[in-house]
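To start, the structure itself, in structure tokens.
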Amino acid sequence: MKATVSATLPDAPWRTREGLGRLLDALDAGAGATRYVGGVVRDTLAGIAAVDIDCATVLAPHDVGARIRAAGFKAVPTGIAHGTVTAILPGGPVEVTTLRRDLSTDGRRATVAFTDDWREDAARRDFTINALSADPVSGAIHDYFGGIDDLAAGRVRFIGDPAQRIAEDHLRILRFFRFHARFGKGPPDAAGLDACVARANDLMALSRERIADELLKLLGLADPVATVALMVERGILRPVLPEIDAEGAARLARLAKREAAFGIAPDGIRRLSALLPRDAALAARVGARLKLSNAQRARLELQAAPVPPAPARAIAWRYPREAADLLLLSDWTDAEIAAALDMLRTWERPVFPLKGGDLVALGLRPGPAVAATLQAIERDWIAAGFADEPWVRERARRAVAEIVGK
């Protein structure tokens, strides 16, 4: 079956990236040996700014590396066992992968063999919209499975039998929903959805890092709310994240609405916090289960705590980098959040004008009492609306006198 060539790749800034033309010449693109593939073709067709450039080639991996170096670029064997070499160009990296076919799969990884058959390589990809390739010279797009029509229709469709494709790589369950949230129009493809529901337990076989990476990509999209609600309703996440329920989906919807209203960019960790119940211990367990970074875990735990009805300045002083997140996730009214965010845009965080040495100088013996007293005075200072330094000094004098006099 030959590919349908029914479209031409539009002009886009990435196509003139520095060094790209020289790389393509080295890889015999003019003779048809190398094409653009996957996301860069899909996104350019959809009018979305493409970031990562991927190429496929009939050339063997060792030949690809040699040609990249001969063209004057660094060649990094980023996935040489699977045929991928990354060319480091002045304008950014380009991944070049030799055409492949799967010999065996186990739901987590594949054993591949190299081929020179473009359709065979396209057939091992997950969705029709990701199986497009384009000739770098003519711009002709090669479409073996109806991906162009699916992209135009907003339809994310598996290539071949959805259940079989999921059995090959269980992560495709989450990718189905991520791509639907990004490109889908209307309800998801029925056959694909049914297969994902039937095989949701397969997610348990994946590493938690892969699950976290895919979930955070989904949550970081412009509007994943309806898709996530559907995932919750159909039990997709239950095998790996049973803590997420319909109430969490409702909190996510509220958060996304606030982000849009206040002009704040989406954030995966903030949105994951919305999905989870307000329980710091639970958030810590989820963060550990997903093997998030230490910084991500800390954010998840902090954002799980209820936001007190304290002045916004007090919240911002204690959590200068997390104040906006806490406000967006809070039970404050939208009007209260709007006022607080407006204040924070111009607010300069004051410096607490007291140190432990100041308390020692007033007569407090060095030890645990210094830190405890300092924290108590700091709390009073915040509650007093960040009082001036004379107020702090007097409060410190009285605190030390009270302790020393005991």
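Ordered as shown in the structure tokens, chains take letters A, B, and onward, while each chain numbers its residues from 1 and ligands are numbered from 1 in the order shown.
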DSSP-assigned alpha helix (DSSP H) members of stretch 173-400 of chain A, reported as a VMD selection string: chain A and resid 173 to 183 190 to 198 208 to 219 225 to 233 246 to 262 268 to 275 280 to 289 294 to 304 312 to 318 323 to 329 334 to 344 356 to 361 368 to 383 389 to 400
Can I get the selection written as a compact mmCIF listing (two decimals), in the first residue's frame, with C-alpha atoms?
# COMPACT_ATOMS: atom_id res chain seq x y z
CA ILE A 173 -3.43 4.55 27.00
CA LEU A 174 -2.33 7.85 28.52
CA ARG A 175 -1.04 9.15 25.19
CA PHE A 176 -4.46 8.55 23.64
CA PHE A 177 -6.02 10.93 26.15
CA ARG A 178 -3.20 13.47 25.96
CA PHE A 179 -3.43 13.73 22.20
CA HIS A 180 -7.21 13.87 22.36
CA ALA A 181 -6.98 16.76 24.86
CA ARG A 182 -4.61 18.54 22.49
CA PHE A 183 -6.10 17.80 19.07
CA ALA A 190 -15.04 5.10 20.33
CA ALA A 191 -12.86 2.10 19.46
CA GLY A 192 -9.81 3.72 21.01
CA LEU A 193 -11.69 4.73 24.16
CA ASP A 194 -13.16 1.27 24.65
CA ALA A 195 -9.74 -0.34 24.30
CA CYS A 196 -8.21 2.06 26.83
CA VAL A 197 -10.97 1.33 29.33
CA ALA A 198 -10.64 -2.42 28.84
CA ARG A 208 5.82 5.31 37.68
CA GLU A 209 8.25 7.77 36.11
CA ARG A 210 6.71 7.17 32.67
CA ILE A 211 3.22 7.56 34.10
CA ALA A 212 4.15 10.80 35.85
CA ASP A 213 5.81 12.24 32.77
CA GLU A 214 2.80 11.51 30.57
CA LEU A 215 0.27 12.69 33.17
CA LEU A 216 2.07 15.99 33.75
CA LYS A 217 2.25 16.57 29.99
CA LEU A 218 -1.51 16.02 29.81
CA LEU A 219 -2.24 18.30 32.75
CA VAL A 225 -10.42 19.41 31.88
CA ALA A 226 -13.04 17.50 29.88
CA THR A 227 -10.56 14.78 28.96
CA VAL A 228 -9.44 14.25 32.56
CA ALA A 229 -13.07 14.17 33.71
CA LEU A 230 -13.72 11.44 31.15
CA MET A 231 -10.66 9.50 32.34
CA VAL A 232 -11.94 9.66 35.91
CA GLU A 233 -15.45 8.67 34.87
CA ALA A 246 -14.96 13.13 40.53
CA GLU A 247 -14.43 15.77 43.22
CA GLY A 248 -10.84 16.12 42.09
CA ALA A 249 -11.99 16.56 38.50
CA ALA A 250 -14.32 19.34 39.67
CA ARG A 251 -11.46 21.04 41.52
CA LEU A 252 -9.36 20.83 38.36
CA ALA A 253 -12.16 22.49 36.39
CA ARG A 254 -12.33 25.32 38.92
CA LEU A 255 -8.56 25.78 38.85
CA ALA A 256 -8.37 25.85 35.05
CA LYS A 257 -11.16 28.43 34.94
CA ARG A 258 -9.27 30.62 37.41
CA GLU A 259 -5.99 30.28 35.52
CA ALA A 260 -7.69 31.45 32.36
CA ALA A 261 -9.49 34.30 34.11
CA PHE A 262 -6.33 35.61 35.78
CA GLY A 268 1.14 20.26 35.71
CA ILE A 269 2.02 20.03 39.41
CA ARG A 270 -0.51 22.72 40.36
CA ARG A 271 -3.20 20.86 38.44
CA LEU A 272 -2.20 17.52 39.95
CA SER A 273 -2.61 19.17 43.35
CA ALA A 274 -6.15 20.16 42.39
CA LEU A 275 -6.96 16.56 41.47
CA ALA A 280 -0.46 16.60 52.79
CA ALA A 281 0.37 13.05 53.86
CA LEU A 282 -1.56 11.64 50.90
CA ALA A 283 0.17 14.10 48.57
CA ALA A 284 3.53 12.93 49.90
CA ARG A 285 2.62 9.31 49.19
CA VAL A 286 1.49 10.15 45.65
CA GLY A 287 4.66 12.15 45.00
CA ALA A 288 6.79 9.23 46.18
CA ARG A 289 4.76 6.72 44.16
CA ASN A 294 12.16 16.53 45.46
CA ALA A 295 11.06 20.00 44.36
CA GLN A 296 7.87 18.64 42.79
CA ARG A 297 7.06 16.60 45.89
CA ALA A 298 7.57 19.64 48.12
CA ARG A 299 5.18 21.66 45.98
CA LEU A 300 2.59 18.90 45.98
CA GLU A 301 2.68 18.61 49.77
CA LEU A 302 2.55 22.36 50.34
CA GLN A 303 -0.34 22.83 47.93
CA ALA A 304 -2.30 20.05 49.65
CA ALA A 312 -2.52 37.66 51.15
CA ARG A 313 0.68 39.44 52.18
CA ALA A 314 1.16 36.94 55.00
CA ILE A 315 0.78 34.01 52.61
CA ALA A 316 3.13 35.63 50.11
CA TRP A 317 5.77 36.28 52.76
CA ARG A 318 5.82 32.70 53.97
CA ALA A 323 1.64 32.19 46.79
CA ALA A 324 -0.15 32.31 43.43
CA ASP A 325 -0.54 28.52 43.39
CA LEU A 326 -1.97 28.48 46.91
CA LEU A 327 -4.42 31.25 46.11
CA LEU A 328 -5.62 29.59 42.90
CA LEU A 329 -6.15 26.30 44.75
CA ASP A 334 -12.64 34.67 42.80
CA ALA A 335 -12.92 38.31 43.80
CA GLU A 336 -10.63 37.75 46.81
CA ILE A 337 -8.12 35.88 44.67
CA ALA A 338 -8.17 38.59 42.00
CA ALA A 339 -7.47 41.29 44.59
CA ALA A 340 -4.67 39.25 46.16
CA LEU A 341 -2.99 38.48 42.85
CA ASP A 342 -3.22 42.12 41.84
CA MET A 343 -1.54 43.12 45.09
CA LEU A 344 1.23 40.53 44.69
CA GLY A 356 19.21 35.05 66.45
CA GLY A 357 22.31 37.01 67.40
CA ASP A 358 20.11 39.97 68.31
CA LEU A 359 18.29 37.84 70.89
CA VAL A 360 21.58 36.57 72.33
CA ALA A 361 22.79 40.16 72.62
CA PRO A 368 16.94 25.92 71.00
CA ALA A 369 15.16 28.78 72.77
CA VAL A 370 16.72 31.27 70.34
CA ALA A 371 15.14 29.68 67.25
CA ALA A 372 11.79 29.17 68.98
CA THR A 373 11.67 32.76 70.20
CA LEU A 374 12.71 34.10 66.81
CA GLN A 375 9.91 32.15 65.13
CA ALA A 376 7.35 33.38 67.67
CA ILE A 377 8.35 37.00 67.13
CA GLU A 378 8.28 36.49 63.36
CA ARG A 379 4.72 35.16 63.58
CA ASP A 380 3.67 38.18 65.63
CA TRP A 381 5.41 40.52 63.17
CA ILE A 382 3.50 39.00 60.25
CA ALA A 383 0.21 39.13 62.17
CA GLU A 389 11.77 47.68 63.18
CA PRO A 390 11.23 49.56 66.51
CA TRP A 391 8.12 47.41 67.08
CA VAL A 392 10.15 44.24 66.44
CA ARG A 393 12.98 45.35 68.75
CA GLU A 394 10.55 46.09 71.56
CA ARG A 395 8.79 42.77 71.03
CA ALA A 396 12.17 41.01 71.19
CA ARG A 397 13.16 42.86 74.38
CA ARG A 398 9.95 41.81 76.11
CA ALA A 399 10.25 38.22 74.93
CA VAL A 400 13.80 37.85 76.21
If you count only C-alpha atoms, which residues fall within 9 Å of A:Ala71, apart from same-chain ones fewer than 2 positions away, as a ChimeraX atom specification? /A:22-23,25-26,66-69,73-74
May I have the residues from that selection written out with C-alpha atoms, as a CSV table (one decimal), in the first residue's frame?
chain,number,residue,atom,x,y,z
A,22,ARG,CA,23.5,21.0,5.7
A,23,LEU,CA,22.4,18.1,7.8
A,25,ASP,CA,22.2,17.3,2.4
A,26,ALA,CA,24.6,15.0,4.4
A,66,ALA,CA,29.5,9.3,10.4
A,67,ARG,CA,27.6,11.6,8.0
A,68,ILE,CA,26.6,13.9,10.8
A,69,ARG,CA,30.2,14.2,12.0
A,73,PHE,CA,28.2,18.5,13.7
A,74,LYS,CA,28.4,16.6,16.9
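Minimum atom-to-atom distances from A:Ala222, A:Ile159, A:Leu99, A:Ala49 to A:Arg125 were compared using only C-alpha atoms, and the lowest value belongs to A:Ile159.
Computed from the coordinates, the atom CA of A:Ala387 to atom CA of A:Ser330 distance equals 26.5 Å.
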Identify, on the basis of only C-alpha atoms, every residue whose closest approach to A:Pro136 does not exceed 12 Å; exclude the query and any residue fewer than 5 positions from it along the same chain; express the result as a PyMOL selection string. chain A and resi 8-11+14-16+20-25+27-37+40-41+53-57+141-142
Report as a list in words all protein, DNA and RNA residues lying within 10 Å of A:Asp126, evaluated on only C-alpha atoms, omitting residues in the same chain fewer than 4 positions from it. Ala122, Asn130, Ala131, Val156, Arg157, Phe158, Ile159, Gly160, Pro162, Arg165, Ile166, Glu168, Asp169, Arg172, Arg175 and Phe176 of chain A
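Taking atom CA of A:Asp135 and atom CA of A:Thr98 as endpoints, the distance between them is 15.4 Å.
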Step one, run DSSP on the backbone; step two, keep only residues of stretch 30-251 of chain A assigned to strand (DSSP E); then write them as a ChimeraX atom specification. /A:34-37,53-57,74-79,84-89,92-98,100-105,110-114,133-134,141-142
